[in-house]
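K.L.:
One structure, as C-alpha cells, below. Some questions next.
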Amino acid sequence: MSNWKPVCPLEDIPQLGSRIVRPATGGDIAIFRNAADEVFALHDKCPHKGGPLSQGIVHGKRVTCPLHGWNIGLDDGQAVAPDVGGCRKFAVRVDNGMVMLAV
Amino acid sequence: MSKPRLVLIGNGMAGVRTVEELLKIKPDHYDITIFGAEPHPNYNRILLSPVLAGEMTVQEIVLNELDWYKENNIRLHTGRQIARIDRVKRKVIADDGSEEAYDRLLIATGSTPFILPVPGNDLPGVIGYRDIKDTDEMIEAARLHKHAVVIGGGLLGLEAANGLKLRGMDVTVVHLGPWLLERQLDEVAGRMLQKSLEDKGLKFLLETQTEALIQGESGRVAAVRLKGGMQIPADLVVMAAGIRPNYALAEASGIYCNRGIVVNDTMQTYDPKVAVGECVSHRGIAYGLVAPLFEQAKVAANHLAGYGIGRYTGSVTSTKLKVTGIDLFSAGDYMGGRDTEEIILNDPHGGVYKKLVIKDNKLVGGVMYGDTADGPWYFQLLKDGRDIHDIRDSLIFGQSLVGDVGHAGNSKAAAMADSAEVCGCNGVSKGAIVQAIKARGLFTLDEVKKHTKAASSCGSCAGLVEQILASTIGGAYTPAASDKKPLCACTDHSHDQVRKVIREQRLTSIPQAMSFLEWKTPNGCDKCRPALNYYLISTWPHEARDDPQSRFINERAHANIQKDGTYSVVPRMWGGLTTPNELRAIADAAEKYKVPTVKVTGGQRIDLLGVRKEDLPAMWADLNAAGMVSGHAYGKSIRTVKTCVGAEHCRFGTQKSMTMGVKLEKMLFDMYSPHKVKLAVSGCPRNCAEAGIKDVGVIGVDSGYELYIGGNGGIKTEVAQFLCKVKTDEEVMEYSGAFLQLYREEGWYLERTCHYLERVGLDYVKSKILEDEEGRKAYYFRLLDSLKDARDPWATSREPQAIKQFIPIAVAVDA
C-alpha cells in the first residue's frame, strides 16, 4: 500500500517550520518539522476556510492557520477544541536524514 | 508508588475550580476524592436567579457533568456531608460513618444563608436562598401560594424577589438598611434602583426590622410581624440577610478560625492543609462573589501542585445586578470619604447616574446606574491604578465608544436585541453570546472569544462582549488587571514582566527567554513567539537574532497572505512619490507575473494582489532592479508616511510636506515595532494628508510644525493628541523618532500607539520626550542606532537558506 517517496533532506525544513510538497497529481501537502525533529504531513488546507497550513506558526505538535488562527493537531489533522473539523494526514518519516512521504 | 491522596470537602464552584486548575497544571498527581452535601454535580450557583426567574433550567447550569469526574478519575460522593475531620489520623468521616484518608485536604465548604434569630424562623415555608433545593422550594411555593416576603435588600434578596415576582407572587422586601444594596450603592443609586423595581411591581419596607414569623393554621408560615407591630401576610419567607462562612467543621477539628477559616496568602490554614472559597477568611475578609474565589482557587492549585509560586493578595470586586432590564454597576470604594474627590453625573429624568470616586489622581471606586456601558472600563482603570489626571476632564463620559465600527454603533449591550449583531467580523449575535455564556459556563472574555469567535478578529466589539458577560454572570465577572494579564496561556508573566526580564537578564534568544521565565509549553504558541521575537530584537538590536519561524507568515514571506493563499506585493513609494520609471516597472511586473488585481492603497502606493508565493522572489528582483524596495505593507513595522503636496506646489502650503515625509520615511525604513506604524505630513492645517488619525501626524504651520501622536483611523477612530510644536525638519525627526522609540521599548506586542498612549497617559510621554532633553536625545539615538543596518527584506530573501520556503518540492506520484 504505502508508496514512500523521498522528499528532501530533513535540514531543508526549518525547525518549527514547514515545506510544501506538490504531487504531480495536485493537492499540496504540508510537511512540518517540530522542535524535536519529528515530521508530520497534512493536506495543506485548513478545515475552516481552506487556508494554507504550511504557512502557519508551528508550536508543540500544532500549527496555527495563518488565515483565522485555528489550531490544528499535527499528528491527527484535527482542529483543537472548541473548533471542530479535520484535514487529511499522510504518513511521513525520516530515513537517514531524508524525509520520506507516503503518497 | 501510590499517589498522594487529596480529599475535597465541598463540591461547589470554588473547590471544583481548584481541582480543575490543579489538573491543568499537574494532571495525575493526586488520587482525588470529592464529598458534596448536595445530590448534584458542580453547578453554577450564580445562575440560580435565572432558574428562579424561569429563564434557565437546572440542567443548563451544571458546570461539571458526572462524566467529567469519571474522565478525571475523581471519586465523587454526592449527598454526603462530612461530619468530622480527624487531623491526627488524617481522615475525614462522613455522616453515614464512611471514612476517607487524606494526605492533603481541601476545605471548600462555602457559606450558609444567615437565618435571623427570630421566633418562627424554623417554620415550614421559611428558607434561605443558597442552592437548587431552595430554588425548587421557591418555585413550588410560587405555584401554590400568593404572598412572599424577602428579608434583605442585598443582591441575593433582590434577585430572589424579582424571580418570585416573575413567577406571579406578590412580593415585599423587608430591609434593615436605609436604602437597597447599601453595601454596593450610594443613596442616590439605591433610590433609583428602588424606583425601577417598584415599577416592576415589587414592594419595599426599608429601615424595617423583622420581629417574628407567625404560624398559620396549616402549620406553615402565614405572616411576618415587624418591629412596631405591623404584620404582613407571607406564605413564603426567604431569608437573604447575608451569608455566613461555613467553618464549623474546620473549627471543630481545631483549625484556627475567626469568622472564617483563617488562611495566609498561599491559601493555607494553620494546619498546612489548604482551604478555599466562601468559608475562608483572608486578611480578615470573607468573599461572597465568585471572581475572588477563582483567583484563590488558582493559588491553592499552584501550591497543591507543589510549585509554590502563587500568592493571593486579596481582590477588588465589582457588582452587577442580574435583574433583566436593570443596569447598575459598582466597584471599589463607591461611597468616598473625606480624603477622596467625586465626579458625579446625575440625570434623574433620563434615569442615569454615575459617580466616580478619586483619590490621589486614581480611580478608587464608582457607582453607575442606568448607563453601565463603561463599567468594565472604569473597573480596569481602578484595578490598574492608572493615573487619570490627563483624562479627568472627560472621565465621567466614559471611554467614548463613538467611532468604533463593526457593531452598528451600539455601545450599550443591555439595550441591544438578542438578534442584534455584536461581532461584525464573525457574525455573532448578542443572543448567541448569552447562550454560550450560560450553556457552557464561560467566565472570561477569552473563553467567550474561543467559544463564540466574537471579538476574536478585529476586537472592536470586545467592550460590548465584556458588558454582555458582566450582565449575564453578574458579580462573577472580573477583568484581570491589564498590566498583570499573562502574555498568553503559555506563561503567567505579563508583557511588562517579560520585557523587564529580557532587558535585565540580557536574554537574546527565544529558548533562553522561555527557559529563564519557565514557559509552560515547550515552544510557546502563535501568540507568544512573535511577541518574544519582537521584544528580543527591539531590546538587543544587534545582538538578538531574528527568528523567522516566530514571525507571522506575512513577515516571513515579506508579503500579505490573502484568503486564497496568494500574496500581495507593495513596493515602497517614499512619501507617496513615484516616477514614470517605477510605474513602468510595476506595470511590467504586473503583466509578467499575471497579477489579477492592481490597486491604489490608502497609504499612497500601489498594491499588486494575487501573486503566487513561488513567484515572489523573481518579482522582487525585477522591482529591485528598477530601484524599488519593500513597502513593509505586511509588517508590524513602519508602513507609510502619507503626504500632501505642500509648499512645493500648493498655493496654501506653508511647509514642504513631501520633502519632510520622504525624510521621515527614509529614517524609519525597516523599523519593526509592537504594531504597525503610520505617519502623515500635511503642509498646512487643512491637513489633506489626514495627519489627525496617524500614529505620528505632522502638520506644517507658518512658524514650523505641530506634532500629534497616537491617532488611529482603523477599528476605532482615535484623534491624535497634540504633543508639541517644533521649528525645524531636524526637530520633527528627533521628536517623532524619540516618541516612536519610546513606544518600541515600552509598547506591548500588538498594541497600537493609541492604546499605548491610553495606557501610560499623554503626561507620561511628555515627561519623557518634552521635559527631558537628554532622555529624548537618547531615545532618538537608540532608534537611529537600531536602524543603522536596516536592509531591504526583499534582497535578503534571495539568500540560499531563505529562498527555500518559496519553492514547493515536486513529487512524482505512481499511477
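Each chain of the C-alpha cells is named A, B, ... in the order shown, its residues numbered from 1; ligands are numbered from 1 in display order.
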Considering only C-alpha atoms, tabulate each residue of chain B that lies at most 9 Å from chain A along with its nearest interatomic pair and the corresponding distance in Å to one decimal; arrange the rows by chain and ascending residue number and present them as a tab-separated table.
P.N.:
```
residue	atom	partner	partner_atom	distance
B:Lys450	CA	A:Pro82	CA	6.9
B:His451	CA	A:Pro82	CA	6.0
B:Ser457	CA	A:His68	CA	7.8
B:Thr521	CA	A:Gly60	CA	7.5
B:Pro522	CA	A:Gly60	CA	6.3
B:Asn523	CA	A:His59	CA	5.7
B:Gly524	CA	A:His59	CA	6.1
B:Cys525	CA	A:His59	CA	5.4
B:Asp526	CA	A:Ile57	CA	5.7
B:Arg529	CA	A:Ile57	CA	8.9
B:Gln549	CA	A:Gly17	CA	6.1
B:Ser550	CA	A:Ile57	CA	6.8
B:Arg551	CA	A:Ile57	CA	7.5
B:Phe552	CA	A:Ile57	CA	6.8
B:Ile553	CA	A:Gln55	CA	5.8
B:Asn554	CA	A:Pro66	CA	8.9
B:Ile561	CA	A:Leu67	CA	7.9
B:Gln562	CA	A:Leu67	CA	8.0
B:Lys563	CA	A:Leu67	CA	6.8
B:Asp564	CA	A:Gly51	CA	7.0
B:Gly565	CA	A:Pro52	CA	6.1
B:Gln801	CA	A:Asp12	CA	8.3
B:Lys804	CA	A:Asp12	CA	7.5
B:Gln805	CA	A:Arg19	CA	6.3
B:Phe806	CA	A:Arg19	CA	8.6
B:Ile807	CA	A:Ile20	CA	7.7
B:Pro808	CA	A:Ile20	CA	4.9
B:Ile809	CA	A:Val21	CA	4.6
B:Ala810	CA	A:Arg22	CA	4.9
B:Val811	CA	A:Pro23	CA	4.7
B:Ala812	CA	A:Ala24	CA	5.3
B:Val813	CA	A:Ala24	CA	6.0
B:Asp814	CA	A:Asn3	CA	8.3
```
K.L.:
Go ahead and write the selection's residues with C-alpha atoms as a CSV table (one decimal), in the first residue's frame.
P.N.:
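Saved file part.csv follows:
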```
chain,number,residue,atom,x,y,z
B,450,LYS,CA,-12.8,31.0,22.0
B,451,HIS,CA,-16.2,29.5,22.0
B,457,SER,CA,-10.9,39.0,15.0
B,521,THR,CA,4.9,25.0,26.9
B,522,PRO,CA,7.9,23.6,25.1
B,523,ASN,CA,8.0,26.2,22.3
B,524,GLY,CA,5.2,28.6,23.0
B,525,CYS,CA,2.4,29.4,20.6
B,526,ASP,CA,1.4,31.7,17.8
B,529,ARG,CA,6.6,33.6,20.0
B,549,GLN,CA,9.7,30.8,12.4
B,550,SER,CA,8.4,33.0,15.2
B,551,ARG,CA,7.0,35.6,12.8
B,552,PHE,CA,3.6,35.6,11.3
B,553,ILE,CA,3.7,34.4,7.7
B,554,ASN,CA,3.4,37.9,6.3
B,561,ILE,CA,-1.2,36.5,2.6
B,562,GLN,CA,-4.7,36.6,1.0
B,563,LYS,CA,-7.7,34.5,1.6
B,564,ASP,CA,-6.8,32.1,-1.3
B,565,GLY,CA,-3.3,31.7,-0.2
B,801,GLN,CA,18.7,29.4,3.0
B,804,LYS,CA,13.8,27.6,0.2
B,805,GLN,CA,10.4,28.5,1.7
B,806,PHE,CA,9.3,29.9,-1.6
B,807,ILE,CA,10.0,26.7,-3.6
B,808,PRO,CA,7.5,23.8,-3.5
B,809,ILE,CA,9.0,20.3,-3.7
B,810,ALA,CA,7.7,18.4,-6.7
B,811,VAL,CA,7.0,14.7,-6.1
B,812,ALA,CA,6.1,12.2,-8.8
B,813,VAL,CA,3.1,10.0,-8.0
B,814,ASP,CA,2.9,6.5,-9.3
```
K.L.:
Tell me, as a list in words, which residues lie within 12 Å of Gly201 (chain B), counting only C-alpha atoms; anything in the same chain fewer than 3 positions away does not count.
P.N.:
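With the cut-off at 12 Å, the set is Ala161, Asn162, Gly163, Leu164, Lys165, Leu166, Gly168, Met169, Asp170, Val171, Thr172, Val173, Gln194, Lys195, Ser196, Leu197, Glu198 and Phe204 of chain B.
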K.L.:
Tell me which protein, DNA and RNA residues are within 8 Å of Asn44 (chain B), counting only C-alpha atoms, leaving out same-chain ones fewer than 5 positions away, and put them as a ChimeraX atom specification.
P.N.:
/B:13,61-63,441
K.L.:
Just give me the gap between CA of Phe739 (chain B) and CA of Glu665 (chain B) in Å, one decimal is fine.
P.N.:
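So the two atoms, CA of Phe739 (chain B) and CA of Glu665 (chain B), lie 15.0 Å apart.
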K.L.:
Can you tell me how far CA of Ile433 (chain B) sits from CA of Ala454 (chain B), in Å to one decimal?
P.N.:
7.7 Å
K.L.:
Enumerate the residues of region 316-473 of chain B with a DSSP assignment of alpha helix (DSSP H), computed from the backbone, and present them as a count of residues only.
P.N.:
45
K.L.:
Using only C-alpha atoms, determine which residues lie at most 10 Å from Gln78 (chain A), disregarding the query and same-chain residues fewer than 2 positions distant; provide the list as a ChimeraX atom specification.
P.N.:
/A:46-47,62,71-76,80-81,83-89
K.L.:
When you look at Arg639 (chain B) with a cut-off of 12 Å (counting only C-alpha atoms), what residues show up, excluding the ones that are within fewer than 2 positions of it in the same chain? I need them as a VMD selection string.
P.N.:
chain B and resid 570 to 576 601 to 605 630 to 637 641 to 642 664 to 666 668 to 673 675 to 680 694 to 696
